[in-house]
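Structure data (TSV, C-alpha atoms) from start28.tsv:
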```tsv
chain	number	residue	atom	x	y	z
A	1	MET	CA	-25.88	-91.77	80.89
A	2	ALA	CA	-26.68	-93.21	77.50
A	3	SER	CA	-24.78	-91.58	74.71
A	4	GLU	CA	-26.77	-89.73	72.05
A	5	ILE	CA	-26.94	-91.27	68.61
A	6	LYS	CA	-25.52	-88.86	66.08
A	7	VAL	CA	-26.90	-88.84	62.57
A	8	PRO	CA	-24.10	-88.70	59.99
A	9	PRO	CA	-24.13	-85.50	57.86
A	10	ILE	CA	-24.61	-87.53	54.69
A	11	LYS	CA	-27.83	-89.05	56.12
A	12	ARG	CA	-29.21	-85.61	57.03
A	13	TRP	CA	-28.40	-84.36	53.54
A	14	GLN	CA	-30.19	-87.32	51.94
A	15	THR	CA	-33.24	-86.73	54.15
A	16	TRP	CA	-33.51	-83.06	53.20
A	17	TYR	CA	-32.95	-83.88	49.55
A	18	THR	CA	-35.77	-86.45	49.63
A	19	VAL	CA	-38.14	-83.97	51.32
A	20	LEU	CA	-37.33	-81.24	48.78
A	21	ALA	CA	-37.70	-83.64	45.83
A	22	PHE	CA	-41.14	-84.79	46.97
A	23	PHE	CA	-42.14	-81.19	47.73
A	24	TYR	CA	-41.10	-80.11	44.23
A	25	MET	CA	-42.91	-83.00	42.53
A	26	TYR	CA	-46.16	-83.01	44.47
A	27	LEU	CA	-46.75	-79.36	45.42
A	28	PRO	CA	-48.61	-78.63	42.13
A	29	ILE	CA	-50.81	-81.69	42.69
A	30	ALA	CA	-51.53	-80.55	46.27
A	31	VAL	CA	-52.51	-77.07	45.05
A	32	LEU	CA	-54.69	-78.59	42.33
A	33	THR	CA	-56.42	-80.81	44.88
A	34	ILE	CA	-57.09	-77.94	47.27
A	35	PHE	CA	-58.60	-75.69	44.61
A	36	SER	CA	-60.79	-78.51	43.29
A	37	PHE	CA	-62.75	-78.05	46.55
A	38	ASN	CA	-62.78	-74.24	46.32
A	39	LYS	CA	-66.27	-72.73	46.20
A	40	SER	CA	-65.01	-69.83	44.12
A	41	PRO	CA	-64.32	-70.51	40.41
A	42	SER	CA	-61.31	-68.18	40.65
A	43	PRO	CA	-57.98	-69.88	41.50
A	44	SER	CA	-56.68	-66.68	43.09
A	45	GLN	CA	-58.90	-66.72	46.18
A	46	TRP	CA	-60.35	-69.26	48.60
A	47	SER	CA	-64.02	-68.78	49.47
A	48	GLY	CA	-64.96	-72.03	51.18
A	49	PHE	CA	-65.18	-75.79	50.82
A	50	THR	CA	-67.51	-77.42	48.29
A	51	LEU	CA	-68.05	-80.61	46.32
A	52	GLU	CA	-69.98	-78.75	43.62
A	53	TRP	CA	-67.30	-79.15	40.94
A	54	TYR	CA	-67.16	-82.93	41.35
A	55	THR	CA	-70.94	-83.06	41.00
A	56	LYS	CA	-70.81	-80.90	37.88
A	57	PHE	CA	-68.21	-83.16	36.30
A	58	LEU	CA	-70.40	-86.20	36.91
A	59	GLN	CA	-73.24	-84.34	35.18
A	60	ASN	CA	-71.19	-83.18	32.19
A	61	PRO	CA	-72.28	-85.29	29.19
A	62	THR	CA	-69.34	-84.23	27.02
A	63	LEU	CA	-66.66	-85.26	29.51
A	64	LEU	CA	-68.51	-88.45	30.46
A	65	ALA	CA	-68.82	-89.49	26.81
A	66	ALA	CA	-65.11	-88.80	26.30
A	67	LEU	CA	-64.30	-90.83	29.43
A	68	LYS	CA	-66.37	-93.72	28.07
A	69	ASN	CA	-64.46	-93.56	24.78
A	70	SER	CA	-61.11	-93.57	26.59
A	71	LEU	CA	-62.10	-96.56	28.69
A	72	SER	CA	-63.30	-98.44	25.60
A	73	VAL	CA	-60.06	-97.73	23.74
A	74	ALA	CA	-57.85	-98.65	26.71
A	75	ILE	CA	-59.69	-101.91	27.47
A	76	ALA	CA	-59.65	-103.03	23.83
A	77	ALA	CA	-56.00	-102.07	23.26
A	78	VAL	CA	-54.79	-103.67	26.48
A	79	SER	CA	-56.78	-106.88	25.86
A	80	VAL	CA	-55.13	-107.41	22.48
A	81	SER	CA	-51.72	-106.29	23.75
A	82	ALA	CA	-51.87	-108.74	26.68
A	83	VAL	CA	-52.10	-111.68	24.28
A	84	LEU	CA	-49.65	-110.43	21.65
A	85	GLY	CA	-47.20	-109.00	24.18
A	86	THR	CA	-47.08	-112.21	26.20
A	87	LEU	CA	-46.56	-114.37	23.12
A	88	THR	CA	-43.87	-111.98	21.88
A	89	ALA	CA	-42.00	-112.07	25.19
A	90	VAL	CA	-42.18	-115.87	25.38
A	91	GLY	CA	-41.08	-116.28	21.77
A	92	LEU	CA	-38.09	-113.98	22.22
A	93	ALA	CA	-37.04	-115.65	25.47
A	94	ARG	CA	-37.59	-119.32	24.67
A	95	TYR	CA	-37.02	-119.73	20.93
A	96	TYR	CA	-34.18	-119.00	18.53
A	97	PHE	CA	-34.70	-117.95	14.91
A	98	PRO	CA	-32.85	-115.90	12.27
A	99	GLY	CA	-33.02	-112.16	12.92
A	100	LYS	CA	-34.06	-112.56	16.55
A	101	SER	CA	-32.00	-109.59	17.76
A	102	LEU	CA	-33.42	-107.36	15.04
A	103	TYR	CA	-36.97	-108.48	15.85
A	104	ARG	CA	-36.41	-107.76	19.56
A	105	GLY	CA	-35.19	-104.26	18.76
A	106	VAL	CA	-38.16	-103.56	16.49
A	107	THR	CA	-40.58	-104.85	19.13
A	108	TYR	CA	-39.24	-102.49	21.80
A	109	LEU	CA	-38.79	-99.55	19.42
A	110	PRO	CA	-42.15	-97.89	20.33
A	111	LEU	CA	-40.79	-97.38	23.86
A	112	ILE	CA	-38.16	-94.91	22.66
A	113	VAL	CA	-39.72	-93.44	19.52
A	114	PRO	CA	-41.41	-90.07	20.23
A	115	ASP	CA	-45.21	-90.19	20.35
A	116	ILE	CA	-45.48	-87.61	17.59
A	117	ALA	CA	-43.52	-89.90	15.23
A	118	ILE	CA	-45.81	-92.84	15.99
A	119	ALA	CA	-48.85	-90.60	15.55
A	120	VAL	CA	-47.73	-89.30	12.15
A	121	ALA	CA	-46.71	-92.77	10.97
A	122	THR	CA	-50.04	-94.34	11.90
A	123	LEU	CA	-51.98	-91.47	10.36
A	124	VAL	CA	-50.06	-91.85	7.08
A	125	PHE	CA	-50.62	-95.61	7.18
A	126	PHE	CA	-54.37	-95.24	7.69
A	127	ALA	CA	-54.51	-92.71	4.86
A	128	ALA	CA	-52.55	-95.03	2.57
A	129	ILE	CA	-54.93	-97.94	3.12
A	130	LYS	CA	-57.93	-95.56	3.08
A	131	LEU	CA	-59.16	-96.61	6.53
A	132	PRO	CA	-61.61	-94.06	7.99
A	133	LEU	CA	-60.55	-92.59	11.33
A	134	SER	CA	-62.63	-93.76	14.30
A	135	LEU	CA	-62.29	-95.28	17.76
A	136	GLY	CA	-61.03	-98.40	16.00
A	137	THR	CA	-58.05	-96.58	14.52
A	138	ILE	CA	-57.18	-95.20	17.97
A	139	VAL	CA	-57.25	-98.75	19.33
A	140	ILE	CA	-54.96	-99.99	16.55
A	141	ALA	CA	-52.52	-97.15	17.20
A	142	HIS	CA	-52.55	-97.73	20.97
A	143	ILE	CA	-51.85	-101.44	20.52
A	144	VAL	CA	-48.51	-100.47	18.97
A	145	PHE	CA	-47.06	-99.05	22.19
A	146	CYS	CA	-49.18	-101.03	24.69
A	147	LEU	CA	-47.84	-104.27	23.20
A	148	ALA	CA	-44.26	-103.12	23.74
A	149	TYR	CA	-44.86	-102.24	27.42
A	150	VAL	CA	-46.56	-105.57	28.13
A	151	ALA	CA	-43.74	-107.44	26.38
A	152	VAL	CA	-41.07	-105.65	28.43
A	153	VAL	CA	-42.74	-106.35	31.78
A	154	VAL	CA	-43.45	-109.99	30.89
A	155	SER	CA	-39.86	-110.42	29.69
A	156	SER	CA	-38.54	-109.24	33.06
A	157	ARG	CA	-40.80	-111.79	34.74
A	158	LEU	CA	-39.64	-114.54	32.36
A	159	ALA	CA	-36.02	-113.89	33.29
A	160	SER	CA	-36.73	-115.11	36.84
A	161	ILE	CA	-38.50	-118.34	35.78
A	162	ASP	CA	-36.43	-121.51	35.45
A	163	PRO	CA	-36.92	-122.93	31.91
A	164	LYS	CA	-36.25	-126.41	33.30
A	165	LEU	CA	-39.80	-126.44	34.68
A	166	GLU	CA	-41.20	-126.45	31.16
A	167	GLU	CA	-38.66	-129.06	30.09
A	168	ALA	CA	-39.74	-131.27	32.98
A	169	ALA	CA	-43.38	-130.94	31.93
A	170	LEU	CA	-42.47	-131.92	28.37
A	171	ASP	CA	-40.49	-134.90	29.63
A	172	LEU	CA	-43.54	-136.02	31.60
A	173	GLY	CA	-45.65	-136.13	28.46
A	174	ALA	CA	-47.17	-132.66	28.25
A	175	THR	CA	-47.51	-131.04	24.84
A	176	PRO	CA	-45.86	-127.62	24.26
A	177	VAL	CA	-49.29	-125.97	24.54
A	178	GLN	CA	-50.07	-127.78	27.79
A	179	ALA	CA	-46.66	-126.87	29.22
A	180	PHE	CA	-47.30	-123.23	28.38
A	181	LEU	CA	-50.86	-123.11	29.75
A	182	ARG	CA	-50.32	-125.17	32.90
A	183	VAL	CA	-46.71	-124.43	33.85
A	184	LEU	CA	-45.50	-121.16	32.34
A	185	LEU	CA	-48.67	-119.06	32.12
A	186	PRO	CA	-49.58	-119.24	35.84
A	187	GLN	CA	-46.09	-118.02	36.70
A	188	LEU	CA	-46.36	-115.20	34.15
A	189	LEU	CA	-49.71	-113.90	35.42
A	190	PRO	CA	-48.23	-111.34	37.87
A	191	GLY	CA	-46.08	-109.88	35.08
A	192	ILE	CA	-48.97	-109.91	32.61
A	193	LEU	CA	-51.31	-108.14	35.06
A	194	SER	CA	-48.64	-105.60	35.97
A	195	GLY	CA	-47.88	-104.87	32.30
A	196	CYS	CA	-51.59	-104.56	31.48
A	197	LEU	CA	-52.18	-102.06	34.29
A	198	LEU	CA	-49.22	-99.98	33.14
A	199	ALA	CA	-50.39	-100.08	29.51
A	200	PHE	CA	-53.94	-99.17	30.59
A	201	ILE	CA	-52.72	-96.05	32.39
A	202	LEU	CA	-50.60	-94.99	29.40
A	203	SER	CA	-53.50	-95.55	27.00
A	204	MET	CA	-55.88	-93.49	29.13
A	205	ASP	CA	-53.27	-90.73	29.38
A	206	ASP	CA	-52.33	-90.58	25.68
A	207	PHE	CA	-53.17	-87.38	23.83
A	208	VAL	CA	-50.83	-87.05	20.83
A	209	ILE	CA	-51.50	-90.41	19.16
A	210	ALA	CA	-55.24	-90.26	19.87
A	211	TYR	CA	-55.44	-86.68	18.54
A	212	PHE	CA	-53.92	-87.70	15.20
A	213	THR	CA	-55.91	-90.91	14.76
A	214	ALA	CA	-59.33	-89.90	16.12
A	215	GLY	CA	-62.28	-89.47	13.79
A	216	VAL	CA	-65.48	-87.50	14.13
A	217	GLY	CA	-67.35	-88.50	17.27
A	218	SER	CA	-64.41	-90.45	18.71
A	219	THR	CA	-63.10	-87.87	21.17
A	220	THR	CA	-61.14	-89.35	24.07
A	221	LEU	CA	-60.82	-87.75	27.50
A	222	PRO	CA	-57.39	-86.09	26.95
A	223	ILE	CA	-58.68	-84.57	23.69
A	224	ALA	CA	-61.84	-83.32	25.43
A	225	ILE	CA	-59.75	-81.75	28.21
A	226	PHE	CA	-57.48	-80.07	25.68
A	227	SER	CA	-60.49	-78.66	23.79
A	228	SER	CA	-62.00	-77.38	27.02
A	229	LEU	CA	-58.74	-75.68	27.99
A	230	ARG	CA	-58.53	-73.95	24.60
A	231	SER	CA	-62.08	-72.64	24.78
A	232	GLY	CA	-62.53	-71.77	28.45
A	233	GLY	CA	-59.19	-72.15	30.20
A	234	VAL	CA	-58.68	-74.04	33.44
A	235	THR	CA	-61.98	-74.47	35.28
A	236	PRO	CA	-62.69	-75.91	38.74
A	237	GLU	CA	-64.54	-78.72	36.99
A	238	LEU	CA	-61.34	-79.71	35.20
A	239	ASN	CA	-59.51	-79.47	38.51
A	240	ALA	CA	-61.93	-81.99	40.00
A	241	LEU	CA	-61.55	-84.29	36.98
A	242	SER	CA	-57.75	-84.07	37.20
A	243	VAL	CA	-57.79	-85.05	40.88
A	244	LEU	CA	-59.95	-88.08	40.12
A	245	LEU	CA	-57.62	-89.10	37.29
A	246	ILE	CA	-54.56	-88.73	39.54
A	247	LEU	CA	-56.16	-90.88	42.23
A	248	ALA	CA	-57.17	-93.54	39.70
A	249	SER	CA	-53.71	-93.60	38.09
A	250	ALA	CA	-51.93	-93.73	41.45
A	251	SER	CA	-54.17	-96.57	42.61
A	252	MET	CA	-53.53	-98.60	39.46
A	253	ALA	CA	-49.78	-97.94	39.68
A	254	ALA	CA	-49.79	-99.11	43.30
A	255	ILE	CA	-51.71	-102.26	42.34
A	256	ALA	CA	-49.29	-102.94	39.48
A	257	GLU	CA	-46.30	-102.58	41.80
A	258	ALA	CA	-47.95	-104.82	44.42
A	259	VAL	CA	-48.66	-107.48	41.80
A	260	ARG	CA	-45.09	-107.27	40.47
A	261	SER	CA	-43.63	-107.56	43.98
A	262	TRP	CA	-45.92	-110.47	44.80
A	263	GLY	CA	-44.78	-112.25	41.65
A	264	ASN	CA	-41.10	-111.71	42.45
A	265	HIS	CA	-41.48	-113.14	45.98
A	266	GLU	CA	-43.34	-116.28	44.96
```
Using the file provided, produce a representation of the structure as structure tokens.
Amino acid sequence: MASEIKVPPIKRWQTWYTVLAFFYMYLPIAVLTIFSFNKSPSPSQWSGFTLEWYTKFLQNPTLLAALKNSLSVAIAAVSVSAVLGTLTAVGLARYYFPGKSLYRGVTYLPLIVPDIAIAVATLVFFAAIKLPLSLGTIVIAHIVFCLAYVAVVVSSRLASIDPKLEEAALDLGATPVQAFLRVLLPQLLPGILSGCLLAFILSMDDFVIAYFTAGVGSTTLPIAIFSSLRSGGVTPELNALSVLLILASASMAAIAEAVRSWGNHE
């Protein structure tokens, strides 16, 4: 008779801990998803399945306009941050200059500084230079932290690339620009794409910085959701919108992780 395989107690404990951790983290999202299909507008009772709230969201001009603003801000901020963040990461990794350590710390500072501090600082800066608040000022403010995230992800990718490849290209007659575009940049693309996807999600999700730097008519989606919550509380329409945002963010995070893993296994 074959002997039974006994699971060590520590393995059973880790399994139960993992189940409880995921249950704790995702139970609110599961409840939100279920009630986004509830026919009744009341969250206290279930009265049947419906897609009415998703249809209403897609017909809500206020939320759709705010979504358009958020997408415009995120695309613009990430586009600029992709260029500046990549150049920053390459400069810090490949070149030496006075004050390099200080510059590296300043570059990554937005990652640890509270959002409210960045929001107040940018608002004071815009007031000092007398720049009217608009979607453009939100983009400028978002570039501050998007750039740092792109630079961090690209830097981690750079650490796994042999610098001798660029040196070999230079020895073979390539100019520094050609070596960067034809040798280094193709290897950095997975890190750049991964950093851009992460920065895009964070830009779409940002409320504090956008709230402080938004002008009249430049309401982003998080601001519109906050205003709706203050005036009418949680509605099934907002539940439906939240589910769609969760699915979109999870999909982009999965794509970013897949791109990063693909780059590391090249």
Do you know which residues are at most 9 Å from Leu184 in chain A counting all atoms listed in the file, after dropping those on the same chain fewer than 6 positions away, and could you put them as an mmCIF file with C-alpha atoms, in the frame of the given file?
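As written to disk, part-v9.cif reads:
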```
data_model
loop_
_atom_site.group_PDB
_atom_site.id
_atom_site.type_symbol
_atom_site.label_atom_id
_atom_site.label_comp_id
_atom_site.auth_asym_id
_atom_site.auth_seq_id
_atom_site.Cartn_x
_atom_site.Cartn_y
_atom_site.Cartn_z
ATOM 1 C CA LEU A 158 -39.640 -114.540 32.360
ATOM 2 C CA ILE A 161 -38.500 -118.340 35.780
ATOM 3 C CA PRO A 163 -36.920 -122.930 31.910
ATOM 4 C CA LEU A 165 -39.800 -126.440 34.680
ATOM 5 C CA GLU A 166 -41.200 -126.450 31.160
#
```
Within 10 Å of Phe126 in chain A using only C-alpha atoms, minus same-chain residues under 6 positions, as JSON, numbers by chain:
{"A": [120, 132, 133, 137, 141, 213]}
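Across the structure, CA of Ile192 in chain A and CA of Ser70 in chain A are spaced 21.2 Å apart.
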Compare A:Leu244, A:Val183, A:Leu135, A:Val152 by their minimum atom-to-atom distance to Leu71 in chain A, counting only C-alpha atoms, and give me the closest one.
A:Leu135
Separation of CA of Gly91 in chain A and CA of Leu198 in chain A, in Å?
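Straight-line distance from CA of Gly91 in chain A to CA of Leu198 in chain A works out to 21.5 Å.
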Could you list, as a list in words, every residue within 8 Å of Ile209 in chain A, counting only C-alpha atoms and ignoring same-chain residues fewer than 3 positions away?
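Listing them by chain and then by number gives Asp115, Ile116, Ile118, Ala119, Ile138, Ala141, His142, Asp206, Phe212 and Thr213 of chain A.
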Give the answer as one residue: which of A:Ala224, A:Ile112, A:Leu84, A:Leu188 has the shortest atom-to-atom distance to Asp205 in chain A, using all atoms listed in the file?
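Counting all atoms listed in the file, the residue closest to Asp205 in chain A is A:Ala224.
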